[in-house]
file work-v9.txt (compact mmCIF, N, CA and C atoms)
# COMPACT_ATOMS: atom_id res chain seq x y z
N MET A 1 -7.22 1.50 -25.20
CA MET A 1 -5.78 1.63 -25.24
C MET A 1 -5.40 3.09 -25.48
N ILE A 2 -4.23 3.43 -25.01
CA ILE A 2 -3.73 4.79 -25.23
C ILE A 2 -3.26 4.88 -26.67
N ASN A 3 -3.66 5.95 -27.32
CA ASN A 3 -3.33 6.20 -28.71
C ASN A 3 -1.81 6.20 -28.90
N ARG A 4 -1.34 5.57 -29.95
CA ARG A 4 0.09 5.46 -30.23
C ARG A 4 0.74 6.84 -30.40
N SER A 5 0.03 7.73 -31.05
CA SER A 5 0.54 9.10 -31.24
C SER A 5 0.67 9.82 -29.90
N THR A 6 -0.28 9.60 -29.01
CA THR A 6 -0.24 10.20 -27.68
C THR A 6 0.96 9.67 -26.90
N ILE A 7 1.20 8.38 -26.99
CA ILE A 7 2.34 7.77 -26.31
C ILE A 7 3.64 8.40 -26.79
N LYS A 8 3.74 8.57 -28.08
CA LYS A 8 4.96 9.14 -28.65
C LYS A 8 5.11 10.61 -28.27
N THR A 9 4.06 11.39 -28.40
CA THR A 9 4.12 12.82 -28.10
C THR A 9 4.47 13.08 -26.65
N LEU A 10 3.85 12.34 -25.74
CA LEU A 10 4.06 12.55 -24.31
C LEU A 10 5.21 11.71 -23.75
N ARG A 11 5.79 10.88 -24.60
CA ARG A 11 6.89 9.99 -24.20
C ARG A 11 6.50 9.11 -23.01
N LEU A 12 5.34 8.49 -23.13
CA LEU A 12 4.83 7.64 -22.05
C LEU A 12 5.53 6.29 -22.08
N LYS A 13 5.85 5.80 -20.92
CA LYS A 13 6.53 4.51 -20.79
C LYS A 13 5.57 3.47 -20.24
N PRO A 14 5.75 2.21 -20.65
CA PRO A 14 4.95 1.15 -20.04
C PRO A 14 5.34 0.98 -18.57
N VAL A 15 4.38 0.55 -17.78
CA VAL A 15 4.60 0.36 -16.35
C VAL A 15 4.25 -1.08 -16.01
N THR A 16 5.15 -1.75 -15.32
CA THR A 16 4.87 -3.14 -14.93
C THR A 16 3.96 -3.18 -13.71
N ARG A 17 3.38 -4.31 -13.48
CA ARG A 17 2.51 -4.48 -12.32
C ARG A 17 3.27 -4.22 -11.02
N ASN A 18 4.50 -4.70 -10.94
CA ASN A 18 5.31 -4.47 -9.73
C ASN A 18 5.59 -2.99 -9.53
N MET A 19 5.83 -2.27 -10.61
CA MET A 19 6.14 -0.84 -10.51
C MET A 19 4.94 -0.03 -10.01
N CYS A 20 3.73 -0.49 -10.28
CA CYS A 20 2.57 0.31 -9.88
C CYS A 20 1.89 -0.22 -8.63
N ASN A 21 2.50 -1.18 -7.97
CA ASN A 21 1.89 -1.76 -6.77
C ASN A 21 1.68 -0.72 -5.66
N ASP A 22 2.68 0.13 -5.42
CA ASP A 22 2.55 1.15 -4.37
C ASP A 22 1.45 2.15 -4.72
N PHE A 23 1.39 2.53 -5.98
CA PHE A 23 0.36 3.48 -6.41
C PHE A 23 -1.03 2.84 -6.28
N TYR A 24 -1.13 1.57 -6.60
CA TYR A 24 -2.40 0.86 -6.41
C TYR A 24 -2.82 0.89 -4.95
N THR A 25 -1.89 0.62 -4.05
CA THR A 25 -2.20 0.64 -2.62
C THR A 25 -2.67 2.02 -2.20
N GLU A 26 -1.98 3.04 -2.67
CA GLU A 26 -2.37 4.42 -2.36
C GLU A 26 -3.78 4.73 -2.88
N ILE A 27 -4.05 4.35 -4.12
CA ILE A 27 -5.36 4.60 -4.74
C ILE A 27 -6.46 3.87 -3.96
N SER A 28 -6.25 2.60 -3.67
CA SER A 28 -7.30 1.84 -3.00
C SER A 28 -7.53 2.29 -1.56
N ASN A 29 -6.52 2.84 -0.92
CA ASN A 29 -6.70 3.36 0.44
C ASN A 29 -7.33 4.75 0.46
N GLU A 30 -7.00 5.55 -0.53
CA GLU A 30 -7.45 6.94 -0.53
C GLU A 30 -8.83 7.13 -1.16
N PHE A 31 -9.15 6.35 -2.18
CA PHE A 31 -10.39 6.54 -2.91
C PHE A 31 -11.32 5.34 -2.71
N GLU A 32 -12.54 5.63 -2.34
CA GLU A 32 -13.47 4.55 -2.01
C GLU A 32 -14.38 4.16 -3.18
N THR A 33 -14.53 5.05 -4.16
CA THR A 33 -15.44 4.77 -5.27
C THR A 33 -14.77 5.10 -6.60
N PRO A 34 -15.28 4.52 -7.68
CA PRO A 34 -14.76 4.90 -9.00
C PRO A 34 -14.93 6.40 -9.28
N GLU A 35 -16.00 7.00 -8.75
CA GLU A 35 -16.23 8.43 -8.96
C GLU A 35 -15.13 9.27 -8.31
N SER A 36 -14.69 8.84 -7.14
CA SER A 36 -13.61 9.59 -6.48
C SER A 36 -12.28 9.42 -7.22
N ILE A 37 -12.07 8.26 -7.82
CA ILE A 37 -10.88 8.07 -8.65
C ILE A 37 -10.98 8.98 -9.88
N GLU A 38 -12.16 9.05 -10.46
CA GLU A 38 -12.35 9.90 -11.64
C GLU A 38 -12.08 11.37 -11.30
N GLU A 39 -12.48 11.79 -10.12
CA GLU A 39 -12.20 13.16 -9.70
C GLU A 39 -10.70 13.41 -9.62
N SER A 40 -9.94 12.42 -9.21
CA SER A 40 -8.49 12.58 -9.13
C SER A 40 -7.88 12.85 -10.50
N VAL A 41 -8.51 12.35 -11.54
CA VAL A 41 -8.01 12.60 -12.90
C VAL A 41 -7.99 14.10 -13.16
N SER A 42 -9.00 14.81 -12.69
CA SER A 42 -9.01 16.26 -12.90
C SER A 42 -7.89 16.95 -12.13
N TRP A 43 -7.49 16.42 -10.98
CA TRP A 43 -6.39 17.01 -10.22
C TRP A 43 -5.07 16.84 -10.97
N TRP A 44 -4.93 15.74 -11.69
CA TRP A 44 -3.67 15.41 -12.36
C TRP A 44 -3.72 15.67 -13.86
N ARG A 45 -4.66 16.47 -14.31
CA ARG A 45 -4.90 16.62 -15.75
C ARG A 45 -3.69 17.16 -16.53
N HIS A 46 -2.74 17.78 -15.84
CA HIS A 46 -1.55 18.31 -16.52
C HIS A 46 -0.32 17.45 -16.29
N ASP A 47 -0.49 16.34 -15.62
CA ASP A 47 0.64 15.46 -15.27
C ASP A 47 0.53 14.15 -16.04
N SER A 48 1.15 14.11 -17.20
CA SER A 48 1.02 12.92 -18.06
C SER A 48 1.60 11.67 -17.41
N LYS A 49 2.66 11.82 -16.63
CA LYS A 49 3.23 10.64 -15.97
C LYS A 49 2.25 10.06 -14.95
N LYS A 50 1.65 10.91 -14.15
CA LYS A 50 0.71 10.45 -13.13
C LYS A 50 -0.50 9.80 -13.80
N LEU A 51 -1.01 10.42 -14.87
CA LEU A 51 -2.15 9.84 -15.59
C LEU A 51 -1.78 8.49 -16.20
N ASN A 52 -0.59 8.41 -16.76
CA ASN A 52 -0.13 7.14 -17.34
C ASN A 52 -0.04 6.07 -16.25
N ASP A 53 0.54 6.43 -15.12
CA ASP A 53 0.65 5.47 -14.02
C ASP A 53 -0.74 5.02 -13.55
N LEU A 54 -1.67 5.97 -13.45
CA LEU A 54 -3.02 5.61 -13.04
C LEU A 54 -3.68 4.69 -14.06
N TRP A 55 -3.46 4.96 -15.35
CA TRP A 55 -4.03 4.10 -16.40
C TRP A 55 -3.54 2.67 -16.23
N TRP A 56 -2.24 2.51 -15.96
CA TRP A 56 -1.69 1.17 -15.79
C TRP A 56 -2.23 0.49 -14.54
N VAL A 57 -2.40 1.24 -13.45
CA VAL A 57 -2.99 0.67 -12.23
C VAL A 57 -4.39 0.16 -12.55
N LEU A 58 -5.17 1.00 -13.22
CA LEU A 58 -6.54 0.59 -13.57
C LEU A 58 -6.54 -0.60 -14.52
N ASN A 59 -5.56 -0.68 -15.37
CA ASN A 59 -5.45 -1.79 -16.31
C ASN A 59 -5.13 -3.10 -15.57
N TYR A 60 -4.14 -3.06 -14.70
CA TYR A 60 -3.74 -4.26 -13.98
C TYR A 60 -4.78 -4.70 -12.95
N TYR A 61 -5.45 -3.75 -12.35
CA TYR A 61 -6.41 -4.06 -11.29
C TYR A 61 -7.84 -3.72 -11.74
N SER A 62 -8.11 -3.96 -13.00
CA SER A 62 -9.40 -3.59 -13.58
C SER A 62 -10.58 -4.29 -12.91
N ASP A 63 -10.38 -5.53 -12.49
CA ASP A 63 -11.49 -6.25 -11.86
C ASP A 63 -11.96 -5.56 -10.59
N ARG A 64 -11.07 -4.88 -9.90
CA ARG A 64 -11.44 -4.20 -8.65
C ARG A 64 -11.76 -2.72 -8.84
N LEU A 65 -11.08 -2.08 -9.78
CA LEU A 65 -11.18 -0.63 -9.88
C LEU A 65 -11.94 -0.11 -11.10
N ASP A 66 -11.90 -0.85 -12.20
CA ASP A 66 -12.46 -0.31 -13.45
C ASP A 66 -12.98 -1.43 -14.36
N PRO A 67 -13.92 -2.23 -13.89
CA PRO A 67 -14.37 -3.37 -14.71
C PRO A 67 -15.05 -2.97 -16.02
N ASP A 68 -15.65 -1.78 -16.07
CA ASP A 68 -16.35 -1.38 -17.30
C ASP A 68 -15.50 -0.49 -18.22
N ARG A 69 -14.22 -0.27 -17.88
CA ARG A 69 -13.26 0.51 -18.66
C ARG A 69 -13.60 2.01 -18.72
N HIS A 70 -14.55 2.47 -17.95
CA HIS A 70 -14.92 3.88 -17.99
C HIS A 70 -13.77 4.79 -17.57
N LEU A 71 -13.12 4.47 -16.46
CA LEU A 71 -12.05 5.32 -15.96
C LEU A 71 -10.85 5.35 -16.90
N ARG A 72 -10.52 4.21 -17.47
CA ARG A 72 -9.41 4.20 -18.43
C ARG A 72 -9.73 5.05 -19.64
N ALA A 73 -10.99 5.04 -20.07
CA ALA A 73 -11.39 5.88 -21.21
C ALA A 73 -11.26 7.36 -20.86
N VAL A 74 -11.62 7.72 -19.65
CA VAL A 74 -11.49 9.11 -19.20
C VAL A 74 -10.01 9.53 -19.23
N ILE A 75 -9.15 8.66 -18.74
CA ILE A 75 -7.71 8.96 -18.72
C ILE A 75 -7.16 9.04 -20.14
N GLU A 76 -7.59 8.14 -21.00
CA GLU A 76 -7.14 8.17 -22.39
C GLU A 76 -7.51 9.50 -23.06
N ARG A 77 -8.73 9.97 -22.82
CA ARG A 77 -9.14 11.28 -23.37
C ARG A 77 -8.29 12.41 -22.79
N SER A 78 -8.01 12.35 -21.51
CA SER A 78 -7.18 13.38 -20.88
C SER A 78 -5.77 13.39 -21.46
N LEU A 79 -5.21 12.21 -21.65
CA LEU A 79 -3.88 12.11 -22.25
C LEU A 79 -3.88 12.60 -23.70
N ASP A 80 -4.93 12.27 -24.45
CA ASP A 80 -5.05 12.76 -25.83
C ASP A 80 -5.09 14.28 -25.87
N MET A 81 -5.82 14.89 -24.93
CA MET A 81 -5.90 16.36 -24.89
C MET A 81 -4.54 16.97 -24.54
N LEU A 82 -3.82 16.35 -23.61
CA LEU A 82 -2.47 16.83 -23.28
C LEU A 82 -1.54 16.74 -24.48
N ALA A 83 -1.61 15.64 -25.19
CA ALA A 83 -0.76 15.45 -26.37
C ALA A 83 -1.11 16.47 -27.45
N GLN A 84 -2.40 16.70 -27.66
CA GLN A 84 -2.81 17.69 -28.66
C GLN A 84 -2.31 19.08 -28.28
N LYS A 85 -2.43 19.43 -27.03
CA LYS A 85 -1.96 20.74 -26.55
C LYS A 85 -0.45 20.86 -26.77
N ARG A 86 0.29 19.81 -26.45
CA ARG A 86 1.74 19.84 -26.63
C ARG A 86 2.11 19.98 -28.10
N GLN A 87 1.38 19.29 -28.97
CA GLN A 87 1.64 19.39 -30.41
C GLN A 87 1.35 20.80 -30.91
N GLU A 88 0.29 21.42 -30.43
CA GLU A 88 -0.05 22.78 -30.83
C GLU A 88 0.99 23.77 -30.35
N GLU A 89 1.54 23.57 -29.15
CA GLU A 89 2.55 24.46 -28.62
C GLU A 89 3.86 24.33 -29.39
N ALA A 90 4.10 23.15 -29.97
CA ALA A 90 5.35 22.92 -30.71
C ALA A 90 5.33 23.59 -32.08
N VAL A 91 4.15 23.96 -32.54
CA VAL A 91 4.05 24.55 -33.89
C VAL A 91 4.39 26.01 -33.88

call {"tool": "encode", "arguments": {"input": "work-v9.txt", "output": "structure tokens"}}
result
Amino acid sequence: MINRSTIKTLRLKPVTRNMCNDFYTEISNEFETPESIEESVSWWRHDSKKLNDLWWVLNYYSDRLDPDRHLRAVIERSLDMLAQKRQEEAV
């Protein structure tokens, strides 16, 4: 799960399954392997909204995209790092 402090710091919103359906279609058409999805995380490492949306897609479609929770863990770490950076900049 995404850390509560990270959610608050980055102002992340929950995403419904219907809201992420288009993104799921895009992900499944563009990326053929979990490794290629993981690479996309590095492209979006500064975009908390995109990472949050991807986390929800992986959560809703975990049986197809992330059955071992590895990708969601990678995204959670990325979001935590973004939140920490934002907190440091605010000081």

call {"tool": "residues_around", "arguments": {"input": "work-v9.txt", "residues": "segment 42-58 of chain A", "least_positions_apart": "6", "cutoff": "7 Å", "atoms": "all atoms listed in the file", "output": "list of chain:residue names"}}
result
A:Leu10, A:Leu12, A:Val15, A:Cys20, A:Phe23, A:Tyr24, A:Leu65, A:Asp66, A:Leu71, A:Arg72, A:Ile75, A:Ser78, A:Leu79, A:Leu82

call {"tool": "atom_distance", "arguments": {"input": "work-v9.txt", "atom1": "atom C of Met1 of chain A", "atom2": "atom C of Thr16 of chain A"}}
result
16.3 Å

call {"tool": "select_by_dssp", "arguments": {"input": "work-v9.txt", "residues": "chain A", "states": "helix (DSSP H, G or I)", "output": "ChimeraX atom specification"}}
result
/A:4-10,21-30,34-43,48-60,62-65,70-90

call {"tool": "closest_residue", "arguments": {"input": "work-v9.txt", "among": "A:Asn59, A:His70, A:Glu88, A:Ser5", "to": "Arg17 of chain A", "atoms": "only C-alpha atoms"}}
result
A:Asn59

call {"tool": "closest_residue", "arguments": {"input": "work-v9.txt", "among": "A:Arg64, A:Lys85, A:Arg77, A:Arg69", "to": "Glu32 of chain A", "atoms": "only C-alpha atoms"}}
result
A:Arg64

call {"tool": "atom_distance", "arguments": {"input": "work-v9.txt", "atom1": "atom CA of Ile7 of chain A", "atom2": "atom CA of Asp63 of chain A"}}
result
24.4 Å

call {"tool": "atom_distance", "arguments": {"input": "work-v9.txt", "atom1": "atom CA of Glu35 of chain A", "atom2": "atom CA of Ala73 of chain A"}}
result
13.4 Å

call {"tool": "closest_residue", "arguments": {"input": "work-v9.txt", "among": "A:Ser40, A:Thr33, A:Lys8, A:Asp22", "to": "Val74 of chain A", "atoms": "only C-alpha atoms"}}
result
A:Ser40

call {"tool": "axis_aligned_box", "arguments": {"input": "work-v9.txt", "around": "segment 22-31 of chain A", "padding_each_side": "4 Å", "output": "JSON"}}
result
{"center_x": -4.3, "center_y": 3.6, "center_z": -3.1, "size_x": 22.0, "size_y": 15.0, "size_z": 15.1}

call {"tool": "closest_residue", "arguments": {"input": "work-v9.txt", "among": "A:Met19, A:Ile27, A:Ile37, A:Ile2", "to": "Glu76 of chain A", "atoms": "only C-alpha atoms"}}
result
A:Ile2

call {"tool": "closest_residue", "arguments": {"input": "work-v9.txt", "among": "A:Lys13, A:Arg4, A:Thr25, A:Gln87", "to": "Tyr61 of chain A", "atoms": "only C-alpha atoms"}}
result
A:Thr25

call {"tool": "build_atoms", "arguments": {"input": "work-v9.txt", "residues": "segment 56-67 of chain A", "atoms": "all heavy atoms", "output": "mmCIF file, in the frame of the given file"}}
result
data_model
loop_
_atom_site.group_PDB
_atom_site.id
_atom_site.type_symbol
_atom_site.label_atom_id
_atom_site.label_comp_id
_atom_site.auth_asym_id
_atom_site.auth_seq_id
_atom_site.Cartn_x
_atom_site.Cartn_y
_atom_site.Cartn_z
ATOM 1 N N TRP A 56 -2.240 2.510 -15.960
ATOM 2 C CA TRP A 56 -1.690 1.170 -15.790
ATOM 3 C C TRP A 56 -2.230 0.490 -14.540
ATOM 4 O O TRP A 56 -2.516 -0.712 -14.548
ATOM 5 C CB TRP A 56 -0.155 1.209 -15.781
ATOM 6 C CG TRP A 56 0.390 1.363 -17.156
ATOM 7 C CD1 TRP A 56 0.804 2.519 -17.762
ATOM 8 C CD2 TRP A 56 0.536 0.338 -18.136
ATOM 9 N NE1 TRP A 56 1.201 2.269 -19.051
ATOM 10 C CE2 TRP A 56 1.055 0.935 -19.311
ATOM 11 C CE3 TRP A 56 0.288 -1.030 -18.135
ATOM 12 C CZ2 TRP A 56 1.323 0.196 -20.459
ATOM 13 C CZ3 TRP A 56 0.559 -1.764 -19.288
ATOM 14 C CH2 TRP A 56 1.066 -1.154 -20.425
ATOM 15 N N VAL A 57 -2.400 1.240 -13.450
ATOM 16 C CA VAL A 57 -2.990 0.670 -12.230
ATOM 17 C C VAL A 57 -4.390 0.160 -12.550
ATOM 18 O O VAL A 57 -4.762 -0.955 -12.182
ATOM 19 C CB VAL A 57 -3.031 1.706 -11.083
ATOM 20 C CG1 VAL A 57 -3.926 1.240 -9.952
ATOM 21 C CG2 VAL A 57 -1.628 1.970 -10.557
ATOM 22 N N LEU A 58 -5.170 1.000 -13.220
ATOM 23 C CA LEU A 58 -6.540 0.590 -13.570
ATOM 24 C C LEU A 58 -6.540 -0.600 -14.520
ATOM 25 O O LEU A 58 -7.439 -1.451 -14.462
ATOM 26 C CB LEU A 58 -7.294 1.764 -14.197
ATOM 27 C CG LEU A 58 -7.540 2.951 -13.267
ATOM 28 C CD1 LEU A 58 -8.109 4.125 -14.055
ATOM 29 C CD2 LEU A 58 -8.451 2.568 -12.118
ATOM 30 N N ASN A 59 -5.560 -0.680 -15.370
ATOM 31 C CA ASN A 59 -5.450 -1.790 -16.310
ATOM 32 C C ASN A 59 -5.130 -3.100 -15.570
ATOM 33 O O ASN A 59 -5.793 -4.115 -15.781
ATOM 34 C CB ASN A 59 -4.382 -1.486 -17.354
ATOM 35 C CG ASN A 59 -4.394 -2.464 -18.493
ATOM 36 O OD1 ASN A 59 -5.430 -2.703 -19.098
ATOM 37 N ND2 ASN A 59 -3.246 -3.040 -18.787
ATOM 38 N N TYR A 60 -4.140 -3.060 -14.700
ATOM 39 C CA TYR A 60 -3.740 -4.260 -13.980
ATOM 40 C C TYR A 60 -4.780 -4.700 -12.950
ATOM 41 O O TYR A 60 -4.918 -5.884 -12.673
ATOM 42 C CB TYR A 60 -2.394 -4.067 -13.283
ATOM 43 C CG TYR A 60 -1.215 -4.037 -14.224
ATOM 44 C CD1 TYR A 60 -0.330 -2.972 -14.224
ATOM 45 C CD2 TYR A 60 -0.979 -5.081 -15.108
ATOM 46 C CE1 TYR A 60 0.758 -2.939 -15.078
ATOM 47 C CE2 TYR A 60 0.096 -5.065 -15.979
ATOM 48 C CZ TYR A 60 0.960 -3.988 -15.958
ATOM 49 O OH TYR A 60 2.027 -3.960 -16.802
ATOM 50 N N TYR A 61 -5.450 -3.750 -12.350
ATOM 51 C CA TYR A 61 -6.410 -4.060 -11.290
ATOM 52 C C TYR A 61 -7.840 -3.720 -11.740
ATOM 53 O O TYR A 61 -8.664 -3.294 -10.955
ATOM 54 C CB TYR A 61 -6.052 -3.289 -10.004
ATOM 55 C CG TYR A 61 -4.687 -3.651 -9.490
ATOM 56 C CD1 TYR A 61 -3.575 -2.863 -9.779
ATOM 57 C CD2 TYR A 61 -4.497 -4.799 -8.732
ATOM 58 C CE1 TYR A 61 -2.308 -3.205 -9.315
ATOM 59 C CE2 TYR A 61 -3.238 -5.151 -8.262
ATOM 60 C CZ TYR A 61 -2.149 -4.351 -8.560
ATOM 61 O OH TYR A 61 -0.902 -4.697 -8.107
ATOM 62 N N SER A 62 -8.110 -3.960 -13.000
ATOM 63 C CA SER A 62 -9.400 -3.590 -13.580
ATOM 64 C C SER A 62 -10.580 -4.290 -12.910
ATOM 65 O O SER A 62 -11.638 -3.690 -12.748
ATOM 66 C CB SER A 62 -9.415 -3.873 -15.083
ATOM 67 O OG SER A 62 -9.213 -5.250 -15.316
ATOM 68 N N ASP A 63 -10.380 -5.530 -12.490
ATOM 69 C CA ASP A 63 -11.490 -6.250 -11.860
ATOM 70 C C ASP A 63 -11.960 -5.560 -10.590
ATOM 71 O O ASP A 63 -13.150 -5.610 -10.255
ATOM 72 C CB ASP A 63 -11.096 -7.701 -11.579
ATOM 73 C CG ASP A 63 -9.839 -7.841 -10.735
ATOM 74 O OD1 ASP A 63 -8.949 -6.959 -10.818
ATOM 75 O OD2 ASP A 63 -9.736 -8.838 -10.003
ATOM 76 N N ARG A 64 -11.070 -4.880 -9.900
ATOM 77 C CA ARG A 64 -11.440 -4.200 -8.650
ATOM 78 C C ARG A 64 -11.760 -2.720 -8.840
ATOM 79 O O ARG A 64 -12.585 -2.172 -8.124
ATOM 80 C CB ARG A 64 -10.289 -4.300 -7.649
ATOM 81 C CG ARG A 64 -10.033 -5.714 -7.222
ATOM 82 C CD ARG A 64 -8.873 -5.785 -6.252
ATOM 83 N NE ARG A 64 -8.281 -7.112 -6.402
ATOM 84 C CZ ARG A 64 -7.004 -7.362 -6.410
ATOM 85 N NH1 ARG A 64 -6.149 -6.404 -6.236
ATOM 86 N NH2 ARG A 64 -6.568 -8.582 -6.559
ATOM 87 N N LEU A 65 -11.080 -2.080 -9.780
ATOM 88 C CA LEU A 65 -11.180 -0.630 -9.880
ATOM 89 C C LEU A 65 -11.940 -0.110 -11.100
ATOM 90 O O LEU A 65 -12.518 0.970 -11.046
ATOM 91 C CB LEU A 65 -9.768 -0.013 -9.894
ATOM 92 C CG LEU A 65 -8.908 -0.287 -8.664
ATOM 93 C CD1 LEU A 65 -7.497 0.259 -8.878
ATOM 94 C CD2 LEU A 65 -9.532 0.323 -7.429
ATOM 95 N N ASP A 66 -11.900 -0.850 -12.200
ATOM 96 C CA ASP A 66 -12.460 -0.310 -13.450
ATOM 97 C C ASP A 66 -12.980 -1.430 -14.360
ATOM 98 O O ASP A 66 -12.540 -1.543 -15.512
ATOM 99 C CB ASP A 66 -11.382 0.519 -14.153
ATOM 100 C CG ASP A 66 -11.897 1.322 -15.323
ATOM 101 O OD1 ASP A 66 -13.083 1.697 -15.315
ATOM 102 O OD2 ASP A 66 -11.099 1.587 -16.244
ATOM 103 N N PRO A 67 -13.920 -2.230 -13.890
ATOM 104 C CA PRO A 67 -14.370 -3.370 -14.710
ATOM 105 C C PRO A 67 -15.050 -2.970 -16.020
ATOM 106 O O PRO A 67 -14.986 -3.720 -16.989
ATOM 107 C CB PRO A 67 -15.336 -4.114 -13.786
ATOM 108 C CG PRO A 67 -15.728 -3.140 -12.746
ATOM 109 C CD PRO A 67 -14.604 -2.162 -12.612
#
